[in-house]
Structure formats: C-alpha cells, structure tokens
Number of protein chains: 2
Amino acid sequence: MDSSNKRIPLLKDLTIDNITDNVNLVNSKNPSPRFKFLLERLVVHLHDFARETRLSQNEWLEAILFLTATGQICSDVRQEFILLSDILGLSLLVDSIDHPKPAGSTEGTVLGPFHTHDAEQLENGAIMSHDQNGEPLFVLCTVKDTQGNPVSDVKIDIWETDSSGMYDVQHLEREKPDGRCILTSDEEGKFWFKGIVPVPYPIPHDGPVGMLLSKLNRHPMRPSHMHFMFEKEGWDKLITALYLRGDPYETSDAVFGVKEPLIVDLGRVDKDLARKYPGIHEGTRLMTYDFVLVTDKETVQLRDRNSVEALKKLNMSVKIVDGLPVPQID
Amino acid sequence: MDSSNKRIPLLKDLTIDNITDNVNLVNSKNPSPRFKFLLERLVVHLHDFARETRLSQNEWLEAILFLTATGQICSDVRQEFILLSDILGLSLLVDSIDHPKPAGSTEGTVLGPFHTHDAEQLENGAIMSHDQNGEPLFVLCTVKDTQGNPVSDVKIDIWETDSSGMYDVQHLEREKPDGRCILTSDEEGKFWFKGIVPVPYPIPHDGPVGMLLSKLNRHPMRPSHMHFMFEKEGWDKLITALYLRGDPYETSDAVFGVKEPLIVDLGRVDKDLARKYPGIHEGTRLMTYDFVLVTDKETVQLRDRNSVEALKKLNMSVKIVDGLPVPQID
C-alpha cells in the first residue's frame, strides 16, 4: 500500500475551514506526483473560489447545469468545452505556457474547436477551398528555423471557413472535407496553395457558450484568419493563425487569439509570380508569411527555465520532471 | 452603452502575465455586479491554476475530454457533474456556506445526485420502500425549532437505496418511484414511516468520476444513510441525511458527507411503540431523530454575518446585496 495512506484523517465533520486540506489528503493516495499536484491545486482553487464568492447553492446548481449543457452539445463536430476555454482566455494562456517562443520564432495562438483529423493530403499548389463565392487567395509561405535555414518535410495542417464564415463541419450536409488540407514543405521550406480570403465569423453561439457571452454583453466574433499547424519530428508543434490587418474585430477577438506579429497585409499576385506558379492569375489576392519553427530541445529548455522562474516568483518550490513541475519534497 | 465599455483595452498580444486582467476587463461589461464578481474570481482562479501548475496542452486536452464525457453521461436520472462536485468536496463546502447552522440546529449535508421530483406524497405510517429483501426499519422523527417547539406542516422529502445499494432511478426497468416519498409533519412536528435499514453503496463509478476516483486510488463507497430534505415557507431548506454508526465507511465517505451529530444508533421497536403504531411489530429496527430547523430570517442574518467576517479575513472589501457579496466600490 501507499505509505501516505496512514496520513488520511477520519473524514467526518468537515467544515468550511478544514475541508480543503482533508480532500487533498485523501487525494494524496494518488501515485503520480504530477497528477497529485494538479488535483491539489485544482481543489484549492475550486474551494477558494467558493469561499471567496460565498457561492450559493442556487449558483452552484446553475453552474452544474451549465457544464452539463456544455457537455451535452458536444459532438464529433462540435467541442463546446474548447469554446468555453477559448472565451475565458484559458486556451491562449495554456498555449503560451506550453509553447514558449524564443525571439524571432513564430508566435502560437488558439487551436479553436474546428481542427479535424480528416483533411486531405494535397500537393503544393492545390485548391483547398472550393467555395465559388470566396475571393480567391494565393498563399505562399516558407518554414524556416531560427537561423533562417529552410525546414523541409514539415506536415502543415491548414484550415479556414468558407465565405459565409462557416467551417465545413458546421454544414450538416458535409460530404467530405473542404476549406482544409495537409501540405508538406518542399526542400526550400516552401508551401503554397489556393484558398479564399478569410472572413470574420461568429464562434458557434447557439449553445451554452453563446448564452454566456450574451450574458456578459460580449460579441461572439472572431476576426478574419486562417489556421496553420506545423508538425515535424524533433520540432515543437506550432499551432498558429494569420490574421488580416484592418479587420473590424482585430482588437476584440472573442477568443483573444490575435497577436501583432501574426497580422498580415494581403498583396496581389504580380506578373512574375503568375508566371512562376501556373494557374495563378496576376492580380489575385496574395498572402505570404515566413513561419519560424523552434526545435523540441530549444522549447523544452525554455519551458523548463520559464517554469522554474515563474514558480520561484510564486514562492513554490518545485522540481521539473518530464518537463512539468511537481512539488519539491525535501 | 455600459460606461465601463471604454475601459476595454485593445485585445491583442495577450501574454501569460496580462491575459487575466484583460479577460476580466472584457467580462466587466456584464451588467450584474454579482455575476461580474463570480466571473472575475473564476477567471483569476482558472488562470492561476494554469500558471501555478504550468498546465500543458496535453493535460488541458485531457481535462476538456474528461469534462465532455462527464456532461455526456448525464441523463434524466444521472447527474455526473454533481458527483464530481461531491467527490471534490465542493458540494459539502457550498452547503456549509449557504446554510450555516446555529448551535442546536440540525447540520446539513450533501444532496447527492439521486433526489428526484416524482416521489409520491404519502401518509404518515406508510411504506416507502417495497424491497422485500431489505430489513424493515421503522422511522419515527420530530421536526422542531431551535426553541424546542414542534414545526408542523413541513414537507419532508425522504429517499434511500434498496437493499442492493441502488436507488430506484438506477434500475432501468423502473416503473414508478420507490424508496422515496414525501411526508408532512403533524401537529406535534412528528413524521413516521416504514423504510428499510440503509446499506453502504458505491456512488456510480462506471463513468468519468469513477475513473477519476480509481486514478486517485480512492474507493467509491458511501456509508449507510438515508436522505431527508425539509421545506416550509419561512424556514431555511434543510438538506441532510442520517448515517448509521459503525458503518465500515463511516470515516471514509467518498463524498465527505458524514457529520457526527447526524450519526444514529438504531434501536428496536418496543411493546409500547408497537401498540401505538399499528402494523409495526415489536423488535423491528427503529430509527429516531429530532430534526431542528432554522428560520429563513435567522439563516440570512447568520450567512450575511459569516460572509462579511470571512471576506474581511481575506482582505476583500464587499457589501452584501440580496444575501450575496459583491465588491465594495468606493
């Protein structure tokens, strides 16, 4: 048996003042130091929240019903808890903690709930959005390392809405993926494809999260953007997006995802480019970007260092095990 | 428009260090001071949790999937989020905050997820459990005020499991309520009925909460108990339960509900009692208890006083509006 077992008190007569320590003692039989740490902090914050707000039973029940509805509206093509995390700023915060970016590398941003695992692997130059109402956009990007060297063979997941602001999975009659694809960077680190100019759109707001936003007097809009996810063995996975400058929601994104270095100005395909990429007409809207990836090793070192420094400031004594902090036990 | 609107910053370039304040500023357009306060504390604790644990994206996703599964297993007869709240000690904490008990009154405890709204209204003396395998139990109680005066016409909701440790709603073939009823206290504040001796049972542990308990190396058992809920206009609703002394899980209740004053010793019906209550045989197991209710007025005063004192200790400056604290704005 776990030796911590004997520390478990008699769980009787728990009060506002002693319940937190006792719940944490019971949970401390958990054999994983990391999971134990997570649960301990979770219980402390959950209980402190109730104590600080003097949470009423009616409010508690309303929260229970809200969480239940949030879970029940989830489906294969809808993830309301990710939306909830997004609009509370938690998603961006976790991304920032988990994927610290050294100077010169590309910032990450929120994944959102619309990434799928069924996008088609296409060739560079392919059409990834078949929406006839969308304004054609030629996208021409590079993937480099922090030294400026091209990174080839990166798997790049790309997804965007159609011109009505809906992702393919939001259309009930969806037969196959559209507005999304997987490309691979070439030997020069380049990838290119034909999409459409992104448009602003509301996050799904016909469910619990929409009700919450409305109660908070917040709009559900996201500024125009296109999602990109970069994966290659040995490199830190980069989840990011490019935003269009001047979008009406540029500074009020419902999910807090916009970062200045990710905002782009669209250009136009010129004669030289049109000649070089067959099928791309001069004058077509053009989006270019140089993405900069970071190695796993760099990321791990930076994350570990950040963790230790941040927790030191909070007077928490921790050690890093497998990249994540656990309490330092003397 | 809300005047706080102009305080909303440009929501761009949010970082680990500035995101919390910015999310709270955006949420501050909410017109309800209480809801604004709840959201503000929620966001602070949620973000602090992520910052203190350096929550990874994988852990975050695991939590998202856990919450989703918790919502999806909920049904008309199963409330997994209440279970989750119960096993984290939150339910008992909220009950303790919301229903403070002056000395001499009956302690409250967790509602649990098995109260229903379809229990039959029965006469005193009625049979409320038809489980032939249960050991018959005669229950004879009083409802009084803190001065010792009987309180009549109290609506009393009573529910217990059958002898296999299952509530009626857990049986798929359930046709009508059993093991539950609603009684009314008589002029002497008395109520009595025929139930069965409660047995220990596991909370439903075939879902996400059961998996969590198992991961935490905790058992899912609750000690033998019977639930009681008292309601009468002008009196604070009392949600409580009686526990059997000597139960193997008396000091390790999975949901932290046991309180010493709620533990009872079963007796036996004697000759006098058997004569007084027709149909009750001498020697039948007997449970008696004197419940003491508190008026709404007493509860509100005590709760307000407790809130102000507790939050003063936390250096929070609040005022009480409609019985609940909101920040004091000078």
# chains A, B, ... in the order shown; residues from 1 in each chain; ligands from 1
>>> select_by_dssp(residues="stretch 35-248 of chain A", states="strand (DSSP E)", output="VMD selection string")
chain A and resid 120 to 121 136 to 144 155 to 159 180 to 184 190 to 196 201 to 202 221 to 222 225 to 231 238 to 244
>>> interface_residues(of="chain B", to="chain A", cutoff="6 Å", atoms="only C-alpha atoms", output="PyMOL selection string")
chain B and resi 10-13+16+27+29-30+45+56+68+71-72+93+98+216-217+251-252+258-259
>>> write_last_selection(atoms="N, CA, C and O atoms", output="CSV table (one decimal), in the first residue's frame")
chain,number,residue,atom,x,y,z
B,10,LEU,N,-7.3,47.2,-26.1
B,10,LEU,CA,-7.2,46.5,-27.4
B,10,LEU,C,-6.7,45.1,-27.1
B,10,LEU,O,-5.6,44.9,-26.5
B,11,LEU,N,-7.5,44.1,-27.4
B,11,LEU,CA,-7.3,42.8,-27.1
B,11,LEU,C,-6.3,42.1,-28.1
B,11,LEU,O,-6.7,41.3,-28.9
B,12,LYS,N,-5.1,42.5,-27.9
B,12,LYS,CA,-4.1,41.9,-28.9
B,12,LYS,C,-2.8,41.6,-28.0
B,12,LYS,O,-2.6,42.2,-27.0
B,13,ASP,N,-2.0,40.7,-28.5
B,13,ASP,CA,-0.7,40.4,-27.9
B,13,ASP,C,-0.9,40.1,-26.4
B,13,ASP,O,-0.1,40.6,-25.6
B,16,ILE,N,1.1,35.5,-20.9
B,16,ILE,CA,0.8,34.8,-19.6
B,16,ILE,C,0.6,35.8,-18.5
B,16,ILE,O,-0.2,35.6,-17.6
B,27,ASN,N,-15.0,41.0,-19.6
B,27,ASN,CA,-16.1,40.5,-18.9
B,27,ASN,C,-16.9,41.5,-18.1
B,27,ASN,O,-18.0,41.3,-17.6
B,29,LYS,N,-18.2,44.2,-18.8
B,29,LYS,CA,-19.3,44.8,-19.4
B,29,LYS,C,-20.6,44.2,-18.9
B,29,LYS,O,-21.7,44.8,-19.2
B,30,ASN,N,-20.5,43.1,-18.3
B,30,ASN,CA,-21.7,42.4,-17.7
B,30,ASN,C,-22.4,43.3,-16.7
B,30,ASN,O,-21.8,43.9,-15.8
B,45,HIS,N,-9.0,32.4,-10.7
B,45,HIS,CA,-8.6,31.0,-10.2
B,45,HIS,C,-8.2,30.1,-11.3
B,45,HIS,O,-7.3,29.3,-11.2
B,56,SER,N,0.0,21.8,-19.1
B,56,SER,CA,0.4,21.5,-20.5
B,56,SER,C,-0.8,21.4,-21.4
B,56,SER,O,-1.9,21.1,-20.9
B,68,THR,N,-16.1,16.8,-21.1
B,68,THR,CA,-17.1,16.4,-22.1
B,68,THR,C,-17.8,15.1,-21.8
B,68,THR,O,-19.0,15.0,-21.8
B,71,GLY,N,-20.3,15.5,-19.0
B,71,GLY,CA,-21.5,16.0,-19.5
B,71,GLY,C,-22.3,15.0,-20.3
B,71,GLY,O,-23.5,14.9,-20.1
B,72,GLN,N,-21.6,14.2,-21.1
B,72,GLN,CA,-22.4,13.3,-22.0
B,72,GLN,C,-23.0,12.1,-21.3
B,72,GLN,O,-24.0,11.6,-21.8
B,93,LEU,N,-19.0,21.9,0.9
B,93,LEU,CA,-18.5,23.3,1.1
B,93,LEU,C,-19.6,24.3,0.8
B,93,LEU,O,-19.9,25.2,1.6
B,98,ASP,N,-23.8,28.1,2.4
B,98,ASP,CA,-25.1,28.7,2.1
B,98,ASP,C,-26.1,28.4,3.2
B,98,ASP,O,-27.1,29.1,3.3
B,216,LEU,N,-7.2,8.2,-8.5
B,216,LEU,CA,-6.7,8.8,-7.2
B,216,LEU,C,-6.6,7.7,-6.1
B,216,LEU,O,-6.3,8.1,-5.0
B,217,ASN,N,-6.8,6.5,-6.5
B,217,ASN,CA,-6.7,5.4,-5.5
B,217,ASN,C,-7.7,5.6,-4.4
B,217,ASN,O,-7.3,5.3,-3.2
B,251,THR,N,-15.9,6.7,8.3
B,251,THR,CA,-14.9,7.8,8.3
B,251,THR,C,-14.2,7.9,6.9
B,251,THR,O,-13.1,8.5,6.9
B,252,SER,N,-14.7,7.3,5.9
B,252,SER,CA,-14.1,7.5,4.6
B,252,SER,C,-15.1,7.7,3.4
B,252,SER,O,-14.9,7.2,2.3
B,258,VAL,N,-20.4,12.8,6.0
B,258,VAL,CA,-20.7,12.4,7.4
B,258,VAL,C,-20.4,13.4,8.4
B,258,VAL,O,-19.3,14.0,8.4
B,259,LYS,N,-21.3,13.7,9.3
B,259,LYS,CA,-21.1,14.6,10.5
B,259,LYS,C,-21.5,13.8,11.7
B,259,LYS,O,-22.6,13.2,11.7
>>> atom_distance(atom1="atom CA of A:Val139", atom2="atom CA of A:Trp235")
23.0 Å
>>> closest_atom_pairs(of="stretch 135-177 of chain A", to="stretch 193-199 of chain A", cutoff="8 Å", atoms="only C-alpha atoms", output="CSV")
residue,atom,partner,partner_atom,distance
A:Glu135,CA,A:Ile196,CA,5.2
A:Pro136,CA,A:Ile196,CA,4.5
A:Leu137,CA,A:Ile196,CA,4.6
A:Phe138,CA,A:Lys194,CA,4.8
A:Val139,CA,A:Phe193,CA,5.5
A:Leu140,CA,A:Phe193,CA,6.9
A:Glu160,CA,A:Pro198,CA,6.8
A:Thr161,CA,A:Pro198,CA,6.9
A:Asp162,CA,A:Ile196,CA,7.6
A:Ser163,CA,A:Val199,CA,6.4
A:Ser164,CA,A:Val199,CA,7.7
A:Gly165,CA,A:Val199,CA,6.1
>>> atom_distance(atom1="atom CA of A:Val292", atom2="atom CA of A:Asn149")
9.3 Å
>>> atom_distance(atom1="atom CA of B:Ile239", atom2="atom CA of B:Thr146")
16.7 Å
>>> residues_around(residues="stretch 183-186 of chain A", least_positions_apart="6", cutoff="7 Å", atoms="only C-alpha atoms", output="list in words")
Gln121, Leu122, Glu123, Asn124, Ser152, Asp153, Val154, Lys155, Ile156 and Asp157 of chain A
>>> residues_around(residues="B:Pro220", least_positions_apart="6", cutoff="8 Å", atoms="only C-alpha atoms", output="PDB file with C-alpha atoms, in the first residue's frame")
ATOM      1  CA  PRO B 202     -20.791   2.809  -4.188  1.00  0.00           C
ATOM      2  CA  ILE B 203     -21.614   6.026  -5.994  1.00  0.00           C
ATOM      3  CA  PRO B 204     -21.952   5.306  -9.732  1.00  0.00           C
ATOM      4  CA  HIS B 205     -18.374   4.571 -10.730  1.00  0.00           C
ATOM      5  CA  GLY B 210     -15.402   6.578 -11.156  1.00  0.00           C
ATOM      6  CA  LEU B 213     -11.591   8.061  -8.123  1.00  0.00           C
ATOM      7  CA  ALA B 254     -16.426   9.202  -0.899  1.00  0.00           C
TER       8      ALA B 254
END
